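Coordinates as given in target_8.cif (mmCIF, C-alpha atoms):
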data_protein
loop_
_atom_site.label_atom_id
_atom_site.label_comp_id
_atom_site.auth_asym_id
_atom_site.auth_seq_id
_atom_site.Cartn_x
_atom_site.Cartn_y
_atom_site.Cartn_z
CA MET A 118 11.70 27.08 -5.54
CA ILE A 119 8.60 27.70 -3.38
CA GLU A 120 9.41 28.41 0.25
CA ARG A 121 7.65 25.79 2.36
CA THR A 122 7.78 28.16 5.30
CA GLU A 123 5.76 26.23 7.91
CA TYR A 124 7.65 22.98 7.32
CA LEU A 125 11.01 24.77 7.19
CA GLU A 126 10.32 26.52 10.50
CA GLU A 127 9.40 23.19 12.01
CA LEU A 128 12.74 21.68 10.97
CA LYS A 129 14.52 24.71 12.41
CA ARG A 130 12.74 24.21 15.74
CA TRP A 131 13.88 20.60 15.92
CA LYS A 132 17.48 21.26 14.77
CA ASP A 133 20.06 19.67 17.11
CA LYS A 134 17.33 18.25 19.34
CA ASP A 135 18.01 14.65 20.40
CA LEU A 136 15.42 13.20 18.04
CA ILE A 137 15.39 11.75 14.53
CA LYS A 138 13.47 14.08 12.24
CA VAL A 139 11.16 12.02 9.99
CA VAL A 140 9.44 13.83 7.08
CA THR A 141 6.60 11.78 5.60
CA GLY A 142 4.23 12.44 2.71
CA ILE A 143 3.17 11.39 -0.77
CA ARG A 144 5.82 11.20 -3.47
CA ARG A 145 6.72 14.54 -5.09
CA CYS A 146 5.00 16.63 -2.43
CA GLY A 147 8.27 18.47 -1.78
CA LYS A 148 10.17 16.49 0.86
CA SER A 149 13.51 16.59 -1.00
CA THR A 150 13.05 20.30 -1.74
CA LEU A 151 12.40 20.88 1.96
CA PHE A 152 15.76 19.27 2.71
CA GLU A 153 17.42 21.53 0.12
CA LEU A 154 15.85 24.60 1.74
CA PHE A 155 16.98 23.47 5.19
CA ILE A 156 20.51 22.67 3.95
CA ASN A 157 20.69 26.20 2.49
CA TYR A 158 19.65 27.52 5.91
CA LEU A 159 22.41 25.50 7.60
CA LYS A 160 25.02 26.84 5.18
CA GLU A 161 23.83 30.39 5.77
CA ASN A 162 24.36 29.75 9.47
CA ASN A 163 28.00 28.70 9.22
CA VAL A 164 27.63 24.94 8.78
CA ALA A 165 30.40 23.83 6.42
CA GLU A 166 29.68 21.75 3.29
CA GLU A 167 31.60 18.74 4.63
CA GLN A 168 29.40 18.69 7.75
CA ILE A 169 26.32 18.00 5.59
CA ILE A 170 25.74 14.51 4.19
CA HIS A 171 22.73 14.24 1.85
CA LEU A 172 21.84 10.97 0.11
CA ASN A 173 18.82 10.35 -2.11
CA LEU A 174 18.36 6.60 -1.81
CA GLU A 175 16.37 6.43 -5.05
CA ASP A 176 19.53 7.48 -6.88
CA ALA A 177 21.39 4.53 -8.45
CA ASP A 178 24.64 6.03 -7.11
CA TYR A 179 23.53 4.90 -3.65
CA ASP A 180 22.39 1.35 -4.38
CA PHE A 181 23.13 -0.06 -0.93
CA LYS A 182 22.36 -3.77 -0.57
CA SER A 183 22.02 -3.62 3.21
CA TYR A 184 21.71 -1.20 6.12
CA LYS A 185 25.35 -1.98 6.97
CA GLU A 186 26.55 -0.66 3.61
CA LEU A 187 24.57 2.54 4.16
CA TYR A 188 25.90 2.94 7.69
CA ASP A 189 29.51 2.30 6.66
CA TYR A 190 29.26 4.79 3.79
CA VAL A 191 28.07 7.58 6.09
CA ASN A 192 30.30 6.62 9.01
CA LYS A 193 33.46 6.93 6.89
CA LYS A 194 32.62 10.59 6.31
CA LEU A 195 32.38 11.41 10.01
CA ASP A 196 35.01 13.07 12.18
CA SER A 197 34.35 12.74 15.91
CA LYS A 198 35.47 16.35 16.44
CA LYS A 199 32.78 17.88 14.20
CA GLN A 200 28.99 18.14 14.22
CA TYR A 201 27.22 16.52 11.23
CA TYR A 202 23.78 16.77 9.63
CA VAL A 203 22.77 13.58 7.81
CA PHE A 204 19.86 13.64 5.34
CA LEU A 205 18.53 10.35 3.95
CA ASP A 206 15.83 10.69 1.27
CA GLU A 207 13.44 7.75 0.65
CA VAL A 208 15.26 5.72 3.26
CA GLN A 209 12.79 2.82 3.02
CA ASN A 210 14.60 1.72 -0.15
CA VAL A 211 17.38 0.22 1.98
CA LEU A 212 16.69 -3.13 3.61
CA GLU A 213 16.46 -2.84 7.42
CA PHE A 214 17.27 0.87 7.11
CA GLN A 215 16.07 1.45 10.67
CA LYS A 216 19.26 -0.20 12.02
CA ALA A 217 21.46 2.24 10.09
CA VAL A 218 19.32 5.19 11.20
CA ASP A 219 19.48 4.11 14.84
CA SER A 220 23.26 3.57 14.70
CA LEU A 221 23.76 7.09 13.32
CA TYR A 222 21.29 8.58 15.78
CA ILE A 223 23.16 7.34 18.86
CA LYS A 224 26.30 9.22 17.80
CA LYS A 225 26.50 12.43 19.80
CA ASN A 226 27.75 14.50 16.86
CA VAL A 227 25.14 13.45 14.29
CA ASP A 228 21.73 15.07 13.71
CA VAL A 229 19.63 12.71 11.54
CA TYR A 230 16.87 13.65 9.07
CA ILE A 231 15.01 11.08 6.94
CA THR A 232 12.12 11.09 4.45
CA GLY A 233 9.77 8.38 3.28
CA SER A 234 6.79 8.10 0.95
CA ASN A 235 5.11 5.28 2.84
CA GLY A 236 3.16 5.19 6.07
CA TYR A 237 4.81 1.88 6.97
CA LEU A 238 8.03 3.84 7.48
CA LEU A 239 6.81 4.51 11.02
CA SER A 240 5.15 1.18 11.63
CA GLY A 241 6.39 -2.20 12.73
CA GLU A 242 10.06 -2.58 13.56
CA LEU A 243 11.04 1.04 13.02
CA ALA A 244 8.43 2.30 15.46
CA THR A 245 9.54 -0.31 17.98
CA LEU A 246 13.26 0.35 17.55
CA LEU A 247 12.97 4.14 17.54
CA SER A 248 10.05 4.50 19.95
CA GLY A 249 10.17 7.90 21.60
CA ARG A 250 13.26 8.91 19.61
CA TYR A 251 11.76 10.54 16.56
CA VAL A 252 9.45 13.39 15.62
CA GLU A 253 7.27 13.10 12.51
CA ILE A 254 6.70 16.06 10.20
CA LYS A 255 3.70 15.23 8.01
CA MET A 256 4.05 16.93 4.64
CA LEU A 257 1.24 17.63 2.17
CA PRO A 258 1.18 19.14 -1.33
CA LEU A 259 1.13 22.93 -1.60
CA SER A 260 -1.42 24.84 0.44
CA PHE A 261 -3.35 27.51 -1.44
CA LYS A 262 -1.22 30.18 0.23
CA GLU A 263 1.95 28.44 -1.01
CA TYR A 264 0.38 27.91 -4.45
CA ILE A 265 -0.41 31.58 -5.08
CA SER A 266 3.10 32.63 -4.01
CA ALA A 267 4.30 31.20 -7.34
CA PHE A 268 2.09 33.51 -9.44
CA ASP A 269 2.09 37.25 -10.10
CA SER A 270 -1.70 37.43 -10.38
CA LYS A 271 -3.71 38.87 -7.48
CA ASP A 272 -6.97 37.39 -8.80
CA TYR A 273 -7.17 34.93 -5.92
CA GLN A 274 -10.67 33.73 -6.79
CA GLN A 275 -9.56 32.62 -10.27
CA LEU A 276 -6.35 31.12 -8.90
CA PHE A 277 -8.47 29.18 -6.42
CA LEU A 278 -10.64 27.71 -9.17
CA ASN A 279 -7.43 26.61 -10.91
CA TYR A 280 -6.16 25.16 -7.62
CA MET A 281 -9.38 23.19 -7.15
CA LYS A 282 -8.91 21.57 -10.56
CA ASN A 283 -5.12 21.19 -10.81
CA GLY A 284 -4.23 20.59 -7.18
CA GLY A 285 -1.06 21.53 -5.36
CA MET A 286 1.66 19.09 -6.40
CA PRO A 287 4.73 21.39 -6.57
CA GLY A 288 5.75 20.16 -10.02
CA ASN A 289 2.49 21.54 -11.42
CA ILE A 290 3.68 25.12 -11.12
CA SER A 291 6.30 25.18 -13.88
CA ILE A 292 3.98 23.16 -16.15
CA LEU A 293 1.09 25.60 -15.63
CA LYS A 294 3.41 28.45 -16.61
CA THR A 295 4.71 26.76 -19.76
CA ASN A 296 2.37 24.07 -21.11
CA PRO A 297 -0.75 23.44 -18.95
CA ASN A 298 -1.79 20.59 -21.25
CA ASP A 299 1.09 18.50 -19.88
CA ILE A 300 -0.25 18.40 -16.31
CA ASP A 301 -1.98 15.05 -16.78
CA LYS A 302 1.27 13.54 -18.10
CA TYR A 303 3.10 14.77 -15.00
CA LEU A 304 0.40 13.50 -12.64
CA ASP A 305 0.30 10.18 -14.51
CA GLY A 306 4.01 9.74 -13.75
CA ILE A 307 3.46 10.35 -10.04
CA PHE A 308 0.40 8.12 -9.90
CA SER A 309 2.04 5.25 -11.79
CA THR A 310 5.11 5.34 -9.54
CA ILE A 311 2.99 5.29 -6.38
CA VAL A 312 0.79 2.46 -7.65
CA TYR A 313 3.70 0.35 -8.85
CA LYS A 314 6.44 1.03 -6.28
CA ASP A 315 4.55 1.94 -3.11
CA ILE A 316 1.49 -0.25 -3.47
CA MET A 317 1.73 -3.17 -5.91
CA ILE A 318 5.32 -4.26 -5.24
CA ARG A 319 5.18 -3.51 -1.52
CA ASN A 320 1.89 -5.40 -1.01
CA ASN A 321 2.35 -8.10 -3.65
CA ILE A 322 -0.74 -6.95 -5.59
CA SER A 323 -1.12 -8.08 -9.21
CA ASP A 324 -4.57 -6.83 -10.23
CA LYS A 325 -3.85 -3.22 -11.25
CA MET A 326 -7.29 -2.73 -12.84
CA LEU A 327 -9.16 -3.69 -9.67
CA LEU A 328 -6.81 -1.55 -7.58
CA GLU A 329 -7.53 1.51 -9.73
CA CYS A 330 -11.28 0.83 -9.68
CA VAL A 331 -11.30 0.82 -5.87
CA LEU A 332 -9.33 4.07 -5.80
CA LYS A 333 -11.62 5.69 -8.39
CA PHE A 334 -14.63 4.70 -6.27
CA ILE A 335 -13.06 6.37 -3.21
CA PHE A 336 -11.98 9.48 -5.15
CA ASP A 337 -15.49 9.75 -6.57
CA SER A 338 -16.97 9.46 -3.06
CA ILE A 339 -14.87 12.03 -1.17
CA GLY A 340 -16.90 13.58 1.60
CA SER A 341 -19.46 10.76 1.64
CA PRO A 342 -19.53 7.95 4.22
CA ILE A 343 -18.55 4.66 2.61
CA SER A 344 -17.86 1.13 3.78
CA THR A 345 -15.70 -1.63 2.34
CA LYS A 346 -18.89 -3.65 1.80
CA LYS A 347 -20.43 -0.88 -0.29
CA ILE A 348 -17.30 -0.72 -2.46
CA SER A 349 -17.00 -4.48 -2.95
CA ASP A 350 -20.75 -4.88 -3.62
CA THR A 351 -20.71 -2.09 -6.20
CA LEU A 352 -17.67 -3.44 -8.04
CA THR A 353 -19.01 -7.00 -7.95
CA SER A 354 -22.32 -5.81 -9.44
CA LYS A 355 -20.28 -4.37 -12.34
CA GLY A 356 -18.62 -7.73 -12.97
CA MET A 357 -15.39 -7.15 -10.99
CA MET A 358 -15.44 -9.93 -8.41
CA THR A 359 -13.81 -8.85 -5.17
CA SER A 360 -14.27 -9.17 -1.39
CA ASN A 361 -14.43 -6.95 1.67
CA HIS A 362 -11.03 -8.26 2.72
CA THR A 363 -9.40 -7.31 -0.60
CA VAL A 364 -10.94 -3.83 -0.52
CA GLU A 365 -9.76 -3.35 3.07
CA ASN A 366 -6.22 -4.30 2.07
CA TYR A 367 -6.28 -1.86 -0.85
CA ILE A 368 -7.57 0.97 1.34
CA THR A 369 -4.78 0.32 3.85
CA ALA A 370 -2.27 0.50 1.00
CA PHE A 371 -3.76 3.81 -0.23
CA LEU A 372 -3.56 5.24 3.28
CA GLU A 373 0.04 4.07 3.72
CA SER A 374 1.10 5.66 0.44
CA PHE A 375 -0.68 8.92 1.44
CA LEU A 376 -3.01 8.85 -1.59
CA ILE A 377 -6.02 9.16 0.72
CA TYR A 378 -6.74 10.21 4.29
CA LYS A 379 -9.42 8.79 6.57
CA ALA A 380 -11.73 10.94 8.69
CA GLU A 381 -13.39 9.11 11.56
CA ARG A 382 -16.87 10.08 12.72
CA PHE A 383 -17.27 11.91 16.04
CA ASP A 384 -20.38 12.06 18.19
CA VAL A 385 -20.39 15.74 19.17
CA LYS A 386 -22.76 15.38 22.11
CA GLY A 387 -21.29 12.16 23.46
CA LYS A 388 -17.71 13.32 22.70
CA ASN A 389 -16.69 9.87 21.43
CA LEU A 390 -15.65 8.27 18.12
CA LEU A 391 -18.05 6.16 16.07
CA VAL A 392 -16.66 3.05 14.41
CA ARG A 393 -18.27 2.66 10.99
CA ASP A 394 -18.70 4.30 7.60
CA TYR A 395 -15.64 6.54 7.54
CA LYS A 396 -15.15 9.37 5.09
CA TYR A 397 -12.09 9.49 2.86
CA TYR A 398 -10.38 12.47 1.26
CA ALA A 399 -7.89 12.65 -1.62
CA VAL A 400 -4.38 13.95 -0.92
CA ASP A 401 -4.62 16.24 -3.95
CA SER A 402 -7.50 17.44 -6.11
CA GLY A 403 -5.26 17.37 -9.20
CA LEU A 404 -4.53 13.66 -8.81
CA ARG A 405 -8.26 13.13 -8.35
CA SER A 406 -9.00 15.12 -11.54
CA TYR A 407 -6.40 13.11 -13.44
CA LEU A 408 -7.85 9.76 -12.35
CA LEU A 409 -11.55 10.59 -12.74
CA GLY A 410 -11.31 12.72 -15.88
CA LYS A 411 -14.28 14.97 -16.72
CA LYS A 412 -16.31 13.30 -13.99
CA ALA A 413 -14.07 15.02 -11.41
CA ASP A 414 -15.63 18.45 -12.02
CA SER A 415 -19.17 17.37 -11.24
CA ASP A 416 -18.95 17.67 -7.46
CA MET A 417 -17.40 21.05 -6.63
CA GLY A 418 -18.91 21.05 -3.14
CA HIS A 419 -17.01 17.96 -2.06
CA ILE A 420 -13.79 19.18 -3.74
CA LEU A 421 -14.09 22.34 -1.63
CA GLU A 422 -14.67 20.18 1.43
CA ASN A 423 -11.56 18.14 0.55
CA ILE A 424 -9.42 21.29 0.35
CA VAL A 425 -10.66 22.49 3.76
CA TYR A 426 -9.97 19.06 5.29
CA LEU A 427 -6.34 19.10 4.09
CA GLU A 428 -5.86 22.68 5.29
CA LEU A 429 -7.04 21.72 8.77
CA LEU A 430 -4.48 18.91 8.79
CA ARG A 431 -1.79 21.42 7.75
CA ARG A 432 -2.77 23.62 10.66
CA GLY A 433 -2.09 20.78 13.06
CA TYR A 434 -5.61 19.63 13.90
CA ARG A 435 -6.94 16.12 14.35
CA VAL A 436 -9.95 16.20 12.05
CA TYR A 437 -13.18 14.25 12.42
CA VAL A 438 -16.60 14.25 10.79
CA GLY A 439 -19.15 15.40 13.36
CA LYS A 440 -22.49 13.75 14.11
CA VAL A 441 -25.13 15.77 15.98
CA ASP A 442 -28.27 13.69 16.48
CA ASP A 443 -29.40 13.02 12.89
CA LEU A 444 -27.36 15.90 11.42
CA GLU A 445 -23.74 16.20 10.38
CA VAL A 446 -21.01 18.77 10.97
CA ASP A 447 -18.52 18.59 8.12
CA PHE A 448 -15.47 18.83 10.38
CA VAL A 449 -14.67 18.74 14.06
CA ALA A 450 -11.10 20.05 14.39
CA GLU A 451 -9.32 19.26 17.64
CA ASN A 452 -6.06 20.45 19.15
CA ARG A 453 -4.77 21.27 22.63
CA ASP A 454 -6.98 24.35 22.80
CA GLY A 455 -10.14 22.31 22.32
CA LEU A 456 -12.54 21.97 19.39
CA LYS A 457 -13.60 24.02 16.38
CA TYR A 458 -16.54 23.20 14.13
CA TYR A 459 -16.50 23.79 10.36
CA GLN A 460 -19.31 23.60 7.86
CA VAL A 461 -18.42 23.89 4.14
CA ALA A 462 -20.75 24.88 1.27
CA LEU A 463 -20.26 26.29 -2.22
CA THR A 464 -22.89 28.96 -1.60
CA VAL A 465 -25.52 29.83 1.00
CA ARG A 466 -27.18 32.67 -0.94
CA ASP A 467 -30.42 30.68 -0.84
CA GLN A 468 -32.00 31.23 2.59
CA LYS A 469 -33.08 27.59 2.90
CA VAL A 470 -29.53 26.39 2.19
CA LEU A 471 -28.14 28.84 4.76
CA GLU A 472 -30.59 27.60 7.40
CA ARG A 473 -29.70 23.98 6.62
CA GLU A 474 -25.95 24.60 6.91
CA LEU A 475 -26.34 26.55 10.16
CA LYS A 476 -28.66 24.00 11.77
CA SER A 477 -26.08 21.33 12.64
CA LEU A 478 -23.71 23.96 14.06
CA GLN A 479 -26.53 25.40 16.17
CA LYS A 480 -27.31 21.97 17.62
CA THR A 481 -23.81 21.24 18.97
CA GLY A 482 -24.87 22.62 22.35
CA ASP A 483 -21.49 24.03 23.35
CA HIS A 484 -19.49 27.24 23.05
CA TYR A 485 -16.60 26.13 20.85
CA PRO A 486 -15.92 28.29 17.75
CA LYS A 487 -18.18 27.55 14.77
CA ILE A 488 -17.26 28.58 11.21
CA LEU A 489 -19.25 28.35 7.98
CA LEU A 490 -16.98 28.49 4.91
CA THR A 491 -18.35 29.26 1.44
CA LEU A 492 -17.25 30.61 -1.94
CA ASP A 493 -19.69 33.52 -1.57
CA MET A 494 -17.95 36.89 -1.87
CA ASP A 495 -20.02 38.51 0.89
CA LEU A 496 -18.33 40.22 3.80
CA GLU A 497 -17.67 38.12 6.89
CA SER A 498 -20.83 37.89 8.98
CA ASP A 499 -22.09 36.43 12.26
CA TYR A 500 -25.19 34.31 12.95
CA ASP A 501 -25.60 34.06 16.72
CA GLY A 502 -21.97 33.10 17.25
CA ILE A 503 -21.47 31.25 13.96
CA THR A 504 -18.97 33.04 11.72
CA LYS A 505 -19.53 32.90 7.96
CA MET A 506 -16.36 33.45 5.93
CA ASN A 507 -15.19 33.30 2.35
CA VAL A 508 -13.11 30.13 2.08
CA VAL A 509 -10.37 31.79 -0.01
CA GLU A 510 -9.86 34.47 2.66
CA TRP A 511 -9.78 31.76 5.34
CA LEU A 512 -7.14 29.80 3.40
CA LEU A 513 -4.96 32.90 3.12
CA LYS A 514 -5.10 33.70 6.85
#

Final structure tokens representation of the file:
Amino acid sequence: MIERTEYLEELKRWKDKDLIKVVTGIRRCGKSTLFELFINYLKENNVAEEQIIHLNLEDADYDFKSYKELYDYVNKKLDSKKQYYVFLDEVQNVLEFQKAVDSLYIKKNVDVYITGSNGYLLSGELATLLSGRYVEIKMLPLSFKEYISAFDSKDYQQLFLNYMKNGGMPGNISILKTNPNDIDKYLDGIFSTIVYKDIMIRNNISDKMLLECVLKFIFDSIGSPISTKKISDTLTSKGMMTSNHTVENYITAFLESFLIYKAERFDVKGKNLLVRDYKYYAVDSGLRSYLLGKKADSDMGHILENIVYLELLRRGYRVYVGKVDDLEVDFVAENRDGLKYYQVALTVRDQKVLERELKSLQKTGDHYPKILLTLDMDLESDYDGITKMNVVEWLLK
């Protein structure tokens, strides 16, 4: 079991705080394992077995027909004289689950933890009912640092090339160690479940082929600005009649199921967001490789960019695509301390490429940190305040 240290520490920080802990993320990214790790921590710190109630609501043993059945089941296990820790996995499977969660939350002796594989978990009625009473922990597949912890090899450059291709879904690890050829079968299972359960059934979508074509278009365009019109026009020209409205609905469903993430564009000089032609990034390069096949390997630069984008999210930044006059900064990363600028390139050994990658960072006109990340194995260097680093070393920091 890979220690998901950052997420585990976050749960520890929120333990016994008067908030519902909500762990969100794509299916199979490790949410249930995180609960297991945290439950082990509780037991090691003198919390008795009977004080821990853990239900996986995808398990047929817990086929509750209503929120009241779920609430009654848990409530019968409670003793007002003891403190309890209640874990509800995939809670969205229970109709009106938010009412059960809220009823448990208001009990003084219950600390509530829930997971969900859908962005709508924290939208609509739940957000209204629990407004201000929950904290969201956004979980992603394995970071590169977590990924390498599962291997004995210290050849980090080779491990990184494998990571770029296979991605960081935790279930990949045991397959890579036993039969790497089965990875696509494993990823197919995840993908099919997401498409069927989280997207088609949830959104009443019947055209699976069109849905997959839209997703393939987005996966094939990671790191490039695209619009719904461009997608619908391209598919229509290939004989798949669709509309902007349909494409917009599909993109919303992909975002809600955490298959993709959207990066808005940010005017660096004006310090404001621009409202058109977003960029999208895949939640996992392995899922992208599975869906696109051999075509997936043809754009290593954008795969590298995708990995950096996800790592910035892991590190707690709000991440935008920067616009500086007619140039682009790959990422503007914002947190309470201010901004950081990141440019990503496979290699800048060619002087003209180096000058091109530095140019947009040089034009930002401010003194925020600026980092150029590449796969080049050169030592870290500085170009008038712009730090060039090897991306693998940066990921391991």

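Against the coordinates shown, the PyMOL selection byres ((chain A and resi 488) around 7) returns Tyr458, Tyr459, Gln460, Pro486, Lys487, Leu489, Leu490, Ile503, Thr504 and Lys505 of chain A.
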
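Proximity to Val364 (chain A) was assessed for A:Ile377, A:Phe383, A:Leu257, A:Ile335 counting all atoms listed in the file; the smallest distance is recorded for A:Ile335.
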
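Picked by the PyMOL selection byres ((chain A and resi 496) around 8) from the coordinates shown: A:Met494, A:Asp495, A:Glu497, A:Ser498, A:Met506, A:Asn507.
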
Could the residues in this selection be written to a file with C-alpha atoms, as a CSV table (one decimal), in the frame of the given file?
chain,number,residue,atom,x,y,z
A,494,MET,CA,-18.0,36.9,-1.9
A,495,ASP,CA,-20.0,38.5,0.9
A,497,GLU,CA,-17.7,38.1,6.9
A,498,SER,CA,-20.8,37.9,9.0
A,506,MET,CA,-16.4,33.4,5.9
A,507,ASN,CA,-15.2,33.3,2.4

Calculate how many Å separate CA of Leu421 (chain A) from CA of Lys325 (chain A), rounding to one decimal.
29.2 Å

Using all atoms listed in the file, which of the listed residues (A:Ile348, A:Val508, A:Ala244, A:Leu154) sits closest to Lys216 (chain A)?
A:Ala244

Run the PyMOL selection byres ((chain A and resi 339) around 9) on the file and write out the hits as a compact mmCIF listing (two decimals) with C-alpha atoms, keeping the file's coordinate frame.
# COMPACT_ATOMS: atom_id res chain seq x y z
CA PHE A 334 -14.63 4.70 -6.27
CA ILE A 335 -13.06 6.37 -3.21
CA PHE A 336 -11.98 9.48 -5.15
CA ASP A 337 -15.49 9.75 -6.57
CA SER A 338 -16.97 9.46 -3.06
CA GLY A 340 -16.90 13.58 1.60
CA SER A 341 -19.46 10.76 1.64
CA PRO A 342 -19.53 7.95 4.22
CA LYS A 396 -15.15 9.37 5.09
CA TYR A 397 -12.09 9.49 2.86
CA TYR A 398 -10.38 12.47 1.26
CA ALA A 399 -7.89 12.65 -1.62
CA HIS A 419 -17.01 17.96 -2.06
CA ILE A 420 -13.79 19.18 -3.74
CA GLU A 422 -14.67 20.18 1.43
CA ASN A 423 -11.56 18.14 0.55

Do you know which residues are at most 12 Å from Leu172 (chain A) counting only C-alpha atoms, after dropping those on the same chain fewer than 6 positions away, and could you put them as a list in words?
Ser149, Phe152, Glu153, Asp178, Tyr179, Asp180, Phe181, Leu187, Tyr188, Tyr190, Val191, Tyr202, Val203, Phe204, Leu205, Asp206, Glu207, Val208, Asn210, Val211, Val229, Tyr230, Ile231 and Thr232 of chain A

For Val139 (chain A), which residue among A:Glu127, A:Asp493, A:Glu445, A:Glu120 is the nearest when counting only C-alpha atoms?
A:Glu127

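With CA of Lys476 (chain A) on one side and CA of Leu444 (chain A) on the other, the separation reads 8.2 Å.
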
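Distances from A:Leu221, A:Val140, A:Leu195, A:Val392 to Leu238 (chain A) were compared using all atoms listed in the file, and the smallest one belongs to A:Val140.
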
Contact residues around Ile290 (chain A) with all atoms listed in the file at 8 Å, ignoring same-chain residues under 3 positions, as a list in words:
Tyr264, Ala267, Met286, Pro287, Leu293 and Lys294 of chain A

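CA of Met417 (chain A) sits 19.4 Å away from CA of Asp301 (chain A).
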
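Within 8 Å of region 435-440 of chain A, once all atoms listed in the file are used and residues closer than 3 positions along the same chain are dropped, the contacting residues are A:Ala380, A:Glu381, A:Arg382, A:Phe383, A:Asp384, A:Val385, A:Lys396, A:Tyr426, A:Leu429, A:Leu430, A:Asp443, A:Leu444, A:Glu445, A:Val446, A:Asp447, A:Phe448, A:Val449, A:Ala450, A:Glu451, A:Asn452.
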